[in-house]
>>> print(open('my_file_20.txt').read())   # compact mmCIF, C-alpha atoms
# COMPACT_ATOMS: atom_id res chain seq x y z
CA MET A 1 -79.73 74.04 55.06
CA THR A 2 -78.72 72.13 58.20
CA PRO A 3 -75.31 71.00 56.85
CA ARG A 4 -74.55 74.55 55.79
CA CYS A 5 -75.28 75.87 59.26
CA GLY A 6 -72.96 73.26 60.73
CA VAL A 7 -70.13 74.15 58.40
CA GLY A 8 -70.67 77.87 59.08
CA LEU A 9 -70.41 77.29 62.84
CA GLY A 10 -67.23 75.28 62.39
CA TYR A 11 -65.80 78.04 60.26
CA ALA A 12 -66.61 80.60 63.00
CA PHE A 13 -64.67 78.51 65.56
CA TRP A 14 -61.79 78.26 63.07
CA GLN A 15 -61.77 82.06 62.73
CA LEU A 16 -61.80 82.50 66.52
CA ARG A 17 -58.95 80.02 66.92
CA ARG A 18 -56.99 81.78 64.17
CA THR A 19 -57.45 85.19 65.81
CA LEU A 20 -56.36 83.89 69.20
CA ALA A 21 -53.33 82.30 67.60
CA ILE A 22 -52.39 85.61 66.01
CA ALA A 23 -52.79 87.43 69.31
CA ALA A 24 -50.70 84.82 71.13
CA SER A 25 -47.86 85.09 68.61
CA ILE A 26 -47.70 88.87 68.51
CA SER A 27 -44.70 89.03 70.80
CA LEU A 28 -42.66 87.14 68.20
CA PHE A 29 -42.96 90.12 65.85
CA PHE A 30 -41.71 92.72 68.31
CA PRO A 31 -38.09 91.89 69.17
CA PHE A 32 -37.32 95.57 68.99
CA LEU A 33 -38.87 96.13 72.42
CA ALA A 34 -35.99 94.35 74.04
CA ASP A 35 -33.43 96.08 71.79
CA LEU A 36 -34.40 99.66 72.48
CA PRO A 37 -31.72 101.38 74.54
CA ALA A 38 -32.58 103.03 77.80
CA GLY A 39 -32.01 106.41 76.19
CA GLY A 40 -34.73 105.62 73.67
CA LEU A 41 -37.31 105.73 76.45
CA ALA A 42 -36.00 108.84 78.11
CA ARG A 43 -38.32 111.80 78.45
CA VAL A 44 -37.83 114.43 75.78
CA LYS A 45 -38.33 118.08 76.57
CA GLY A 46 -41.99 118.81 75.82
CA GLN A 47 -42.82 115.09 75.42
CA ASP A 48 -45.83 113.77 77.33
CA PHE A 49 -44.84 110.09 77.47
CA ASP A 50 -41.70 108.11 78.12
CA ARG A 51 -41.78 106.66 74.60
CA PRO A 52 -39.94 107.43 71.36
CA GLU A 53 -41.65 109.61 68.78
CA VAL A 54 -43.12 107.94 65.68
CA THR A 55 -41.70 109.95 62.79
CA SER A 56 -42.84 107.63 59.95
CA LEU A 57 -45.54 105.01 59.39
CA ARG A 58 -45.25 103.10 56.10
CA PHE A 59 -46.75 100.06 54.38
CA ASP A 60 -45.11 97.68 51.91
CA GLY A 61 -46.66 94.98 49.74
CA ASN A 62 -50.24 96.26 49.86
CA GLN A 63 -51.90 96.32 46.45
CA ARG A 64 -55.64 96.08 47.07
CA PHE A 65 -55.76 98.91 49.62
CA SER A 66 -53.84 102.17 49.62
CA ASP A 67 -51.58 103.39 52.42
CA GLU A 68 -54.18 106.00 53.40
CA VAL A 69 -56.93 103.39 53.78
CA LEU A 70 -54.75 101.08 55.87
CA ALA A 71 -53.62 103.95 58.08
CA THR A 72 -57.24 104.72 58.99
CA ALA A 73 -57.64 101.16 60.30
CA LEU A 74 -54.85 101.64 62.85
CA ILE A 75 -54.56 103.59 66.08
CA THR A 76 -50.83 104.24 65.81
CA ARG A 77 -50.10 107.48 63.97
CA GLN A 78 -47.00 109.35 62.90
CA THR A 79 -46.11 112.92 63.79
CA GLU A 80 -47.65 115.28 61.25
CA CYS A 81 -48.42 118.92 60.67
CA ARG A 82 -51.74 119.81 62.28
CA THR A 83 -53.28 121.48 59.21
CA LEU A 84 -52.33 122.62 55.73
CA VAL A 85 -52.48 126.22 56.94
CA LEU A 86 -49.63 125.53 59.37
CA TYR A 87 -47.30 123.93 56.80
CA PRO A 88 -44.97 126.96 56.67
CA PHE A 89 -44.60 126.81 60.46
CA CYS A 90 -44.04 123.05 60.34
CA TRP A 91 -41.33 123.54 57.71
CA ALA A 92 -39.73 126.13 59.99
CA GLY A 93 -39.82 123.66 62.90
CA ALA A 94 -42.40 125.43 65.07
CA GLU A 95 -43.45 123.09 67.86
CA PHE A 96 -47.06 124.32 68.11
CA ALA A 97 -47.74 123.40 64.45
CA HIS A 98 -46.90 119.69 64.90
CA ASP A 99 -49.17 116.93 66.18
CA ARG A 100 -46.66 114.77 68.01
CA ARG A 101 -47.30 111.02 68.19
CA TYR A 102 -45.36 108.55 70.34
CA LEU A 103 -44.86 104.81 70.31
CA ASN A 104 -47.17 102.76 72.52
CA PRO A 105 -46.07 99.08 72.37
CA ARG A 106 -49.47 97.80 73.53
CA THR A 107 -51.30 99.86 70.90
CA LEU A 108 -48.90 98.64 68.23
CA GLN A 109 -49.59 95.05 69.21
CA ASP A 110 -53.33 95.72 68.91
CA ASP A 111 -52.73 97.31 65.50
CA PHE A 112 -51.10 94.09 64.38
CA VAL A 113 -54.39 92.30 65.09
CA ARG A 114 -56.40 95.13 63.57
CA MET A 115 -54.47 94.77 60.32
CA HIS A 116 -55.31 91.06 60.14
CA LEU A 117 -58.98 91.65 60.91
CA PHE A 118 -59.17 94.46 58.36
CA TYR A 119 -58.02 92.17 55.56
CA GLN A 120 -59.97 89.12 56.73
CA GLN A 121 -63.24 91.06 56.82
CA ARG A 122 -62.62 92.07 53.22
CA GLY A 123 -62.05 88.55 51.92
CA TYR A 124 -58.27 88.23 52.30
CA ARG A 125 -58.26 85.46 54.88
CA ASP A 126 -54.67 84.30 54.24
CA ILE A 127 -53.19 87.70 55.03
CA ARG A 128 -49.70 87.77 56.53
CA VAL A 129 -48.33 90.85 58.25
CA ASP A 130 -44.86 91.55 59.61
CA THR A 131 -44.27 94.65 61.73
CA LEU A 132 -40.83 96.23 61.82
CA VAL A 133 -39.74 99.12 64.04
CA ALA A 134 -36.52 100.87 63.06
CA ARG A 135 -34.67 103.21 65.41
CA GLN A 136 -33.87 106.45 63.66
CA ASP A 137 -32.16 107.84 66.75
CA ASP A 138 -32.54 107.43 70.50
CA LEU A 139 -35.72 109.50 70.56
CA SER A 140 -37.58 108.51 67.38
CA VAL A 141 -38.60 105.39 65.46
CA GLY A 142 -40.07 104.49 62.09
CA ILE A 143 -42.73 101.78 61.74
CA LEU A 144 -43.13 99.55 58.68
CA PHE A 145 -45.99 97.11 58.06
CA ARG A 146 -45.00 94.48 55.49
CA VAL A 147 -48.11 92.91 53.98
CA ASP A 148 -48.55 89.71 51.99
CA GLU A 149 -52.18 89.93 50.92
CA GLY A 150 -52.52 86.55 49.23
CA GLU A 151 -55.48 85.63 47.06
CA PRO A 152 -58.96 86.67 48.24
CA TYR A 153 -61.91 84.37 48.77
CA ARG A 154 -64.48 85.14 46.09
CA VAL A 155 -68.26 84.99 45.82
CA THR A 156 -69.18 82.22 43.37
CA SER A 157 -72.97 82.41 43.83
CA LEU A 158 -75.34 85.05 45.15
CA ALA A 159 -78.99 84.24 45.86
CA ILE A 160 -81.89 86.13 47.45
CA ARG A 161 -84.56 83.95 49.04
CA GLY A 162 -88.04 84.88 50.20
CA VAL A 163 -88.95 87.68 47.79
CA THR A 164 -91.35 85.77 45.58
CA GLY A 165 -94.27 87.90 46.78
CA VAL A 166 -92.54 91.22 46.10
CA GLU A 167 -93.73 92.69 42.82
CA ASP A 168 -90.92 95.25 42.26
CA SER A 169 -88.26 93.61 40.10
CA SER A 170 -85.70 96.32 40.87
CA LEU A 171 -85.16 94.94 44.37
CA GLU A 172 -82.15 92.88 43.29
CA GLU A 173 -80.65 95.39 40.85
CA ASN A 174 -77.35 97.25 41.35
CA LEU A 175 -76.41 95.66 44.66
CA PRO A 176 -72.92 96.62 45.86
CA ILE A 177 -71.68 93.00 45.57
CA SER A 178 -71.99 90.45 42.79
CA GLU A 179 -70.60 87.08 41.73
CA GLY A 180 -66.84 87.11 41.27
CA ASP A 181 -66.21 89.87 43.83
CA PRO A 182 -64.03 89.30 46.92
CA LEU A 183 -65.93 88.04 49.95
CA ASP A 184 -66.06 91.45 51.64
CA LEU A 185 -68.15 91.18 54.81
CA VAL A 186 -68.40 94.96 55.06
CA VAL A 187 -69.90 95.18 51.57
CA LEU A 188 -72.19 92.25 52.40
CA ASP A 189 -73.59 94.26 55.29
CA VAL A 190 -74.12 97.21 52.96
CA ALA A 191 -75.96 94.93 50.50
CA ARG A 192 -78.14 93.59 53.31
CA ASP A 193 -78.99 97.13 54.46
CA THR A 194 -79.75 98.10 50.86
CA LEU A 195 -82.22 95.24 50.49
CA THR A 196 -83.85 96.11 53.81
CA GLN A 197 -84.21 99.76 52.85
CA ARG A 198 -85.71 98.91 49.45
CA LEU A 199 -88.27 96.62 51.06
CA GLN A 200 -89.20 99.28 53.62
CA ASN A 201 -89.72 101.75 50.79
CA GLN A 202 -92.12 99.31 49.14
CA GLY A 203 -94.47 98.99 52.10
CA TYR A 204 -92.78 96.32 54.23
CA ALA A 205 -92.08 98.18 57.47
CA HIS A 206 -91.06 95.01 59.35
CA ALA A 207 -88.69 93.69 56.67
CA GLU A 208 -85.60 91.83 57.86
CA VAL A 209 -82.74 90.40 55.81
CA LEU A 210 -80.28 87.79 57.08
CA ARG A 211 -77.09 86.87 55.26
CA ASN A 212 -75.60 83.37 55.14
CA VAL A 213 -72.11 82.54 53.90
CA PHE A 214 -71.07 78.97 53.09
CA ILE A 215 -67.41 78.22 52.34
CA PRO A 216 -66.59 74.62 51.35
CA SER A 217 -63.71 73.10 53.26
CA GLY A 218 -60.36 73.80 51.59
CA ALA A 219 -61.83 76.12 48.96
CA ARG A 220 -61.53 79.84 48.30
CA GLU A 221 -65.09 80.05 47.08
CA ALA A 222 -68.08 81.34 48.97
CA GLU A 223 -71.80 80.87 48.41
CA VAL A 224 -73.80 83.84 49.68
CA GLU A 225 -77.52 83.83 50.41
CA PHE A 226 -79.77 86.62 51.67
CA ASP A 227 -82.82 85.24 53.51
CA VAL A 228 -85.60 87.82 53.38
CA TYR A 229 -88.54 88.12 55.78
CA THR A 230 -90.86 90.76 54.35
CA GLY A 231 -93.56 90.70 57.01
CA PRO A 232 -97.03 92.04 56.21
CA LEU A 233 -97.66 94.85 53.76
CA THR A 234 -98.16 97.91 55.99
CA ARG A 235 -99.91 101.25 55.81
CA PHE A 236 -99.62 104.49 57.75
CA GLY A 237 -101.89 104.67 60.77
CA PRO A 238 -103.07 107.67 62.85
CA ILE A 239 -100.68 110.65 62.82
CA ASP A 240 -100.33 112.57 66.09
CA VAL A 241 -98.73 116.06 66.26
CA VAL A 242 -97.21 117.07 69.62
CA GLY A 243 -95.19 120.05 70.83
CA ASN A 244 -96.94 122.74 68.75
CA GLU A 245 -98.55 125.66 70.59
CA GLN A 246 -99.26 128.45 68.08
CA ILE A 247 -99.02 126.43 64.88
CA GLU A 248 -102.11 124.42 64.02
CA ASP A 249 -101.89 120.66 63.53
CA GLN A 250 -103.10 121.03 59.95
CA VAL A 251 -100.13 123.25 59.06
CA VAL A 252 -97.79 120.44 60.09
CA LEU A 253 -99.85 117.61 58.58
CA ARG A 254 -100.10 119.24 55.15
CA MET A 255 -96.29 119.18 54.86
CA LEU A 256 -96.46 115.38 54.82
CA GLN A 257 -96.62 113.75 51.41
CA PHE A 258 -98.84 111.02 52.75
CA GLY A 259 -101.84 110.56 55.01
CA GLU A 260 -103.46 107.94 57.19
CA GLY A 261 -104.10 104.81 55.14
CA GLY A 262 -101.31 105.47 52.64
CA LEU A 263 -98.83 102.73 51.73
CA TYR A 264 -95.88 102.74 54.11
CA ARG A 265 -92.63 104.05 52.65
CA ARG A 266 -89.76 104.80 54.99
CA GLU A 267 -88.20 107.43 52.73
CA LEU A 268 -91.38 109.52 53.07
CA LEU A 269 -90.67 109.89 56.79
CA PHE A 270 -87.33 111.59 56.09
CA ASP A 271 -88.93 113.81 53.44
CA ALA A 272 -91.66 114.79 55.90
CA GLN A 273 -89.15 115.70 58.59
CA ARG A 274 -87.21 117.87 56.13
CA ASN A 275 -90.37 119.61 54.86
CA ILE A 276 -91.50 120.47 58.38
CA TYR A 277 -88.09 121.78 59.41
CA ASN A 278 -87.90 123.93 56.26
CA LEU A 279 -90.88 125.93 57.50
CA GLU A 280 -88.29 127.76 59.67
CA ILE A 281 -90.81 128.16 62.48
CA PHE A 282 -89.55 125.08 64.33
CA LEU A 283 -86.25 124.68 66.12
CA ASN A 284 -86.39 120.95 65.44
CA ALA A 285 -88.80 118.39 64.07
CA SER A 286 -88.89 114.60 64.14
CA VAL A 287 -91.19 111.91 62.81
CA SER A 288 -91.20 108.64 64.76
CA GLU A 289 -93.04 105.39 64.03
CA ASN A 290 -94.54 102.78 66.30
CA LEU A 291 -93.57 99.39 64.84
CA GLU A 292 -94.88 97.56 67.92
CA ASN A 293 -98.49 98.44 67.14
CA GLU A 294 -101.17 95.75 66.82
CA PRO A 295 -102.16 94.90 64.17
CA ASP A 296 -98.67 95.03 62.71
CA SER A 297 -100.02 96.02 59.28
CA ILE A 298 -100.75 99.53 60.66
CA VAL A 299 -97.91 101.89 61.65
CA PRO A 300 -99.00 104.90 63.77
CA LEU A 301 -96.80 108.01 63.59
CA GLN A 302 -95.94 110.80 65.97
CA VAL A 303 -94.70 114.18 64.71
CA ARG A 304 -92.86 116.05 67.46
CA VAL A 305 -91.96 119.71 66.95
CA ASN A 306 -90.40 122.48 69.01
CA GLU A 307 -91.53 125.96 68.03
CA ALA A 308 -89.18 128.91 67.67
CA ASN A 309 -90.12 132.52 68.42
CA SER A 310 -92.83 133.76 66.08
CA HIS A 311 -91.24 137.23 65.77
CA LEU A 312 -87.61 138.20 65.42
CA VAL A 313 -85.98 141.65 65.46
CA ARG A 314 -82.40 142.30 64.40
CA ALA A 315 -80.37 145.50 64.26
CA GLY A 316 -76.79 146.37 63.53
CA GLY A 317 -74.43 149.04 62.31
CA GLY A 318 -70.88 149.65 61.20
CA TRP A 319 -68.37 151.87 59.45
CA ASN A 320 -66.24 151.62 56.33
CA THR A 321 -64.43 154.15 54.18
CA GLU A 322 -66.81 153.81 51.19
CA GLU A 323 -70.17 154.05 53.01
CA CYS A 324 -69.10 155.94 56.12
CA LEU A 325 -71.48 155.07 58.95
CA ASN A 326 -74.25 152.57 58.17
CA ALA A 327 -77.11 150.94 60.06
CA GLU A 328 -79.66 148.26 59.28
CA THR A 329 -82.57 146.54 60.95
CA SER A 330 -85.11 143.83 60.18
CA TRP A 331 -88.37 142.53 61.60
CA SER A 332 -89.57 138.99 60.86
CA SER A 333 -92.86 137.22 61.41
CA ARG A 334 -92.57 133.46 61.00
CA ASN A 335 -96.29 132.82 61.28
CA PHE A 336 -97.80 135.79 59.44
CA PHE A 337 -101.59 135.44 59.68
CA GLY A 338 -101.07 131.73 60.46
CA GLY A 339 -100.12 128.91 58.15
CA ALA A 340 -96.35 129.32 58.84
CA ARG A 341 -96.22 132.15 56.29
CA GLN A 342 -93.22 134.44 56.58
CA LEU A 343 -92.97 138.21 56.29
CA VAL A 344 -89.64 140.02 56.63
CA LEU A 345 -89.30 143.83 56.62
CA ARG A 346 -85.77 145.20 56.13
CA GLY A 347 -84.23 148.64 56.10
CA ARG A 348 -80.69 149.88 55.61
CA LEU A 349 -79.08 153.33 55.69
CA SER A 350 -75.56 154.27 54.61
CA ASN A 351 -73.54 157.43 53.99
CA LEU A 352 -74.60 158.63 57.44
CA LEU A 353 -72.67 161.77 58.52
CA THR A 354 -70.68 161.74 55.30
CA GLY A 355 -70.54 165.55 55.12
CA PRO A 356 -69.02 166.26 58.56
CA LEU A 357 -66.63 163.27 58.30
CA GLU A 358 -65.72 163.64 54.61
CA ASP A 359 -62.23 164.90 55.29
CA SER A 360 -61.40 162.32 57.96
CA VAL A 361 -62.69 158.77 58.41
CA CYS A 362 -65.15 158.86 55.45
CA SER A 363 -62.89 160.15 52.69
CA GLY A 364 -63.95 157.37 50.28
CA ALA A 365 -67.70 157.98 50.53
CA GLY A 366 -67.87 160.77 47.94
CA SER A 367 -69.14 164.33 48.03
CA GLY A 368 -72.12 166.22 46.69
CA VAL A 369 -74.86 163.94 45.36
CA TYR A 370 -72.49 160.98 45.78
CA GLY A 371 -72.33 161.64 49.49
CA ASP A 372 -76.09 161.93 50.05
CA LEU A 373 -77.92 159.37 52.13
CA ASP A 374 -78.24 155.91 50.55
CA TRP A 375 -81.04 153.57 51.61
CA VAL A 376 -82.72 150.23 50.95
CA LEU A 377 -86.26 149.24 51.98
CA SER A 378 -87.72 145.80 51.26
CA ALA A 379 -90.58 143.50 52.23
CA ASP A 380 -90.31 139.75 51.60
CA PHE A 381 -93.24 137.32 51.79
CA ASN A 382 -93.09 133.53 51.57
CA GLN A 383 -95.97 131.06 51.26
CA PRO A 384 -94.53 127.58 52.04
CA PHE A 385 -97.48 125.50 50.81
CA VAL A 386 -99.23 125.93 47.46
CA PHE A 387 -101.52 122.94 46.84
CA SER A 388 -98.59 120.65 47.77
CA PRO A 389 -95.64 120.61 50.20
CA GLN A 390 -93.42 120.48 47.13
CA ASN A 391 -94.57 123.93 46.00
CA SER A 392 -93.85 127.37 47.49
CA PHE A 393 -94.41 130.97 46.46
CA ALA A 394 -92.32 134.02 47.31
CA ALA A 395 -92.80 137.71 46.62
CA SER A 396 -90.78 140.78 47.51
CA ILE A 397 -90.94 144.49 46.85
CA TYR A 398 -88.02 146.84 47.30
CA ALA A 399 -86.91 150.42 46.79
CA GLU A 400 -83.34 151.65 46.97
CA ARG A 401 -80.87 154.43 46.37
CA GLN A 402 -77.25 153.43 45.89
CA SER A 403 -74.19 155.45 44.90
CA LEU A 404 -70.52 154.97 44.21
CA GLN A 405 -68.06 157.82 44.78
CA ASN A 406 -67.87 160.08 41.71
CA VAL A 407 -69.19 157.25 39.46
CA PHE A 408 -72.97 156.87 39.61
CA VAL A 409 -76.17 157.31 41.58
CA ARG A 410 -78.84 154.66 41.07
CA GLU A 411 -82.46 154.67 42.21
CA ALA A 412 -84.71 151.64 41.70
CA LEU A 413 -88.14 150.24 42.53
CA GLY A 414 -88.84 146.58 41.81
CA ILE A 415 -90.82 143.43 42.53
CA ASN A 416 -89.63 139.83 42.59
CA LEU A 417 -92.13 137.00 42.13
CA SER A 418 -91.05 133.36 42.18
CA PHE A 419 -92.66 129.93 42.23
CA THR A 420 -90.54 126.96 43.32
CA ARG A 421 -91.29 123.27 42.96
CA SER A 422 -89.12 120.53 44.41
CA VAL A 423 -88.61 117.93 41.67
CA GLY A 424 -86.28 115.79 43.79
CA ARG A 425 -84.13 115.88 46.87
CA LEU A 426 -81.95 119.01 46.74
CA THR A 427 -83.31 119.71 43.23
CA PRO A 428 -85.61 122.76 43.20
CA LEU A 429 -87.08 124.18 39.98
CA THR A 430 -87.82 127.91 40.16
CA PHE A 431 -89.78 130.21 37.86
CA SER A 432 -89.31 133.92 38.56
CA PHE A 433 -90.49 137.30 37.26
CA ARG A 434 -88.57 140.46 38.19
CA PRO A 435 -89.92 143.74 36.82
CA GLN A 436 -87.97 146.86 37.82
CA LEU A 437 -88.00 150.61 37.29
CA ALA A 438 -84.58 152.21 37.64
CA ARG A 439 -82.86 155.55 37.03
CA LEU A 440 -79.08 155.83 36.69
CA ASP A 441 -77.10 159.07 36.81
CA ALA A 442 -73.50 158.46 35.84
>>> encode(input="my_file_20.txt", output="structure tokens")
Amino acid sequence: MTPRCGVGLGYAFWQLRRTLAIAASISLFFPFLADLPAGGLARVKGQDFDRPEVTSLRFDGNQRFSDEVLATALITRQTECRTLVLYPFCWAGAEFAHDRRYLNPRTLQDDFVRMHLFYQQRGYRDIRVDTLVARQDDLSVGILFRVDEGEPYRVTSLAIRGVTGVEDSSLEENLPISEGDPLDLVVLDVARDTLTQRLQNQGYAHAEVLRNVFIPSGAREAEVEFDVYTGPLTRFGPIDVVGNEQIEDQVVLRMLQFGEGGLYRRELLFDAQRNIYNLEIFLNASVSENLENEPDSIVPLQVRVNEANSHLVRAGGGWNTEECLNAETSWSSRNFFGGARQLVLRGRLSNLLTGPLEDSVCSGAGSGVYGDLDWVLSADFNQPFVFSPQNSFAASIYAERQSLQNVFVREALGINLSFTRSVGRLTPLTFSFRPQLARLDA
């Protein structure tokens, strides 16, 4: 491996020298700066800088990357409409709807280097860029980047060293880079992070992955190696809960899908944080690990929470032509008899004062039985933990009277029962039973 390290260091110096050479020759690509007339730098009414406005930014010769992708790599922008909603105003020439952008020669010079670095990081190390600035009038310019991408350097071999003791064979599957792909350093970093994450999810909390790239002199081929240090197989250590005042430690701990002594898996920490936050009794929740612990095969955890108010009262009211005056209120207990259970009582009234206001502001509310008081009463209960943090139970009972002007009057009494199990991230499976007694007069 020593010769490879030497060649890699020489290649790094070659890259540094190449970048400095590009930066030193930038001025050769900007003869327009000396050609701009004095009027081109005059202040325009409403313009913040003494520079011409950039009315177009285009790319020519790019095949591997689209214009939109290249534009995101640059600082220089062209004048555009602020949002799609304002397009009609932009078409009409309204000044407030436009996001004006002006030419900054220093920024454009830096963008010239950024364009080279963008392509070189993605395997196109022979990239050539020419920047042209065309005067459209004395107060505006158009910018064109002409790109000659050349042929990319490609990965001819990909090896992962140091994983002989790892039993899971899926570690090397479906990596974002493979043999024959361009030598994209950004994708290589993604592959390295993928390997690290997979190892951490298999019990190796201290896993580290280093990438080595060897390019033979005068060749467009690259040999890539990932050197893996797994570290010891680790397990969860003591779990400390801090920040809770009214909620018992056990309520928080039971939302974890692991316990002390369980095999370390980093993804379980994110699941635990989400489960705790979903209790809705905490303003925030975090699970942190102590990787500096001795022995390093044990990882202690700290669960930090910040409790919200246990009780919440809301009230409101309004008016509309169909329901006349209406009012509603609710009372919530986020820790009903402990255990982070939730109970919510709700009530709503509508068609208030329909009779006296029927001929004025409540003409659409109906008359007779259709104008009588409408109401809704409900009680909702939620049990967040049923033998597992992946299970929850909810029940609600409600009674209501609803009407629609000169169409129907409906009265109902019902119960909703549901059992929900999380079968995956953002994938709940719910079983529900909803019996109801209702009477409809139409």
>>> closest_residue(input="my_file_20.txt", among="A:Arg122, A:Gly150, A:Leu103, A:Ala315", to="Ile177 in chain A", atoms="only C-alpha atoms")
A:Arg122
>>> atom_distance(input="my_file_20.txt", atom1="CA of Gly123 in chain A", atom2="CA of Glu223 in chain A")
12.9 Å
>>> atom_distance(input="my_file_20.txt", atom1="CA of Gly424 in chain A", atom2="CA of Arg266 in chain A")
16.1 Å
>>> axis_aligned_box(input="my_file_20.txt", around="range 246-250 of chain A", padding_each_side="3 Å", output="lines of an AutoDock Vina configuration file")
center_x = -101.1
center_y = 124.6
center_z = 64.0
size_x = 10.1
size_y = 13.8
size_z = 14.1
>>> residues_around(input="my_file_20.txt", residues="Ile160 in chain A", least_positions_apart="6", cutoff="9 Å", atoms="all atoms listed in the file", output="VMD selection string")
chain A and resid 172 224 to 228
>>> residues_around(input="my_file_20.txt", residues="Glu328 in chain A", least_positions_apart="4", cutoff="10 Å", atoms="all atoms listed in the file", output="JSON, numbers by chain")
{"A": [314, 315, 316, 317, 318, 346, 347, 348, 349, 350, 375, 376, 377]}
>>> closest_residue(input="my_file_20.txt", among="A:Glu179, A:Leu357, A:Thr107, A:Leu268", to="Trp319 in chain A", atoms="all atoms listed in the file")
A:Leu357
>>> residues_around(input="my_file_20.txt", residues="range 428-433 of chain A", least_positions_apart="6", cutoff="8 Å", atoms="only C-alpha atoms", output="JSON list (two decimals) with C-alpha atoms, in the frame of the given file")
[["chain", "number", "residue", "atom", "x", "y", "z"],
["A", 416, "ASN", "CA", -89.63, 139.83, 42.59],
["A", 417, "LEU", "CA", -92.13, 137.00, 42.13],
["A", 418, "SER", "CA", -91.05, 133.36, 42.18],
["A", 419, "PHE", "CA", -92.66, 129.93, 42.23],
["A", 420, "THR", "CA", -90.54, 126.96, 43.32],
["A", 421, "ARG", "CA", -91.29, 123.27, 42.96],
["A", 422, "SER", "CA", -89.12, 120.53, 44.41]]
>>> atom_distance(input="my_file_20.txt", atom1="CA of Val242 in chain A", atom2="CA of Leu312 in chain A")
23.6 Å
>>> decode(input="my_file_20.txt", residues="range 88-99 of chain A", atoms="N, CA, C and O atoms", output="tab-separated table (two decimals), in the first residue's frame")
chain	number	residue	atom	x	y	z
A	88	PRO	N	-48.12	36.56	-13.72
A	88	PRO	CA	-48.87	37.59	-14.46
A	88	PRO	C	-48.31	39.00	-14.25
A	88	PRO	O	-48.28	39.81	-15.17
A	89	PHE	N	-47.86	39.29	-13.03
A	89	PHE	CA	-47.29	40.61	-12.75
A	89	PHE	C	-45.93	40.77	-13.43
A	89	PHE	O	-45.59	41.86	-13.89
A	90	CYS	N	-45.15	39.67	-13.48
A	90	CYS	CA	-43.87	39.73	-14.17
A	90	CYS	C	-44.09	39.98	-15.67
A	90	CYS	O	-43.37	40.76	-16.30
A	91	TRP	N	-45.09	39.31	-16.24
A	91	TRP	CA	-45.39	39.50	-17.66
A	91	TRP	C	-45.82	40.93	-17.93
A	91	TRP	O	-45.52	41.50	-18.98
A	92	ALA	N	-46.50	41.54	-16.93
A	92	ALA	CA	-46.94	42.92	-17.09
A	92	ALA	C	-45.83	43.92	-16.80
A	92	ALA	O	-46.01	45.12	-17.00
A	93	GLY	N	-44.67	43.43	-16.31
A	93	GLY	CA	-43.53	44.31	-16.05
A	93	GLY	C	-43.51	44.93	-14.68
A	93	GLY	O	-42.78	45.92	-14.46
A	94	ALA	N	-44.28	44.38	-13.73
A	94	ALA	CA	-44.29	44.95	-12.38
A	94	ALA	C	-42.94	44.73	-11.71
A	94	ALA	O	-42.42	43.61	-11.68
A	95	GLU	N	-42.38	45.79	-11.17
A	95	GLU	CA	-41.03	45.72	-10.59
A	95	GLU	C	-40.99	44.83	-9.36
A	95	GLU	O	-40.05	44.07	-9.15
A	96	PHE	N	-42.02	44.90	-8.50
A	96	PHE	CA	-42.00	44.15	-7.24
A	96	PHE	C	-42.00	42.64	-7.47
A	96	PHE	O	-41.60	41.88	-6.59
A	97	ALA	N	-42.45	42.17	-8.64
A	97	ALA	CA	-42.55	40.73	-8.89
A	97	ALA	C	-41.23	40.12	-9.35
A	97	ALA	O	-41.11	38.90	-9.40
A	98	HIS	N	-40.23	40.95	-9.68
A	98	HIS	CA	-38.96	40.44	-10.21
A	98	HIS	C	-37.90	40.37	-9.12
A	98	HIS	O	-37.84	41.23	-8.24
A	99	ASP	N	-37.07	39.37	-9.21
A	99	ASP	CA	-35.89	39.24	-8.36
A	99	ASP	C	-34.69	39.65	-9.20
A	99	ASP	O	-34.15	38.86	-9.97
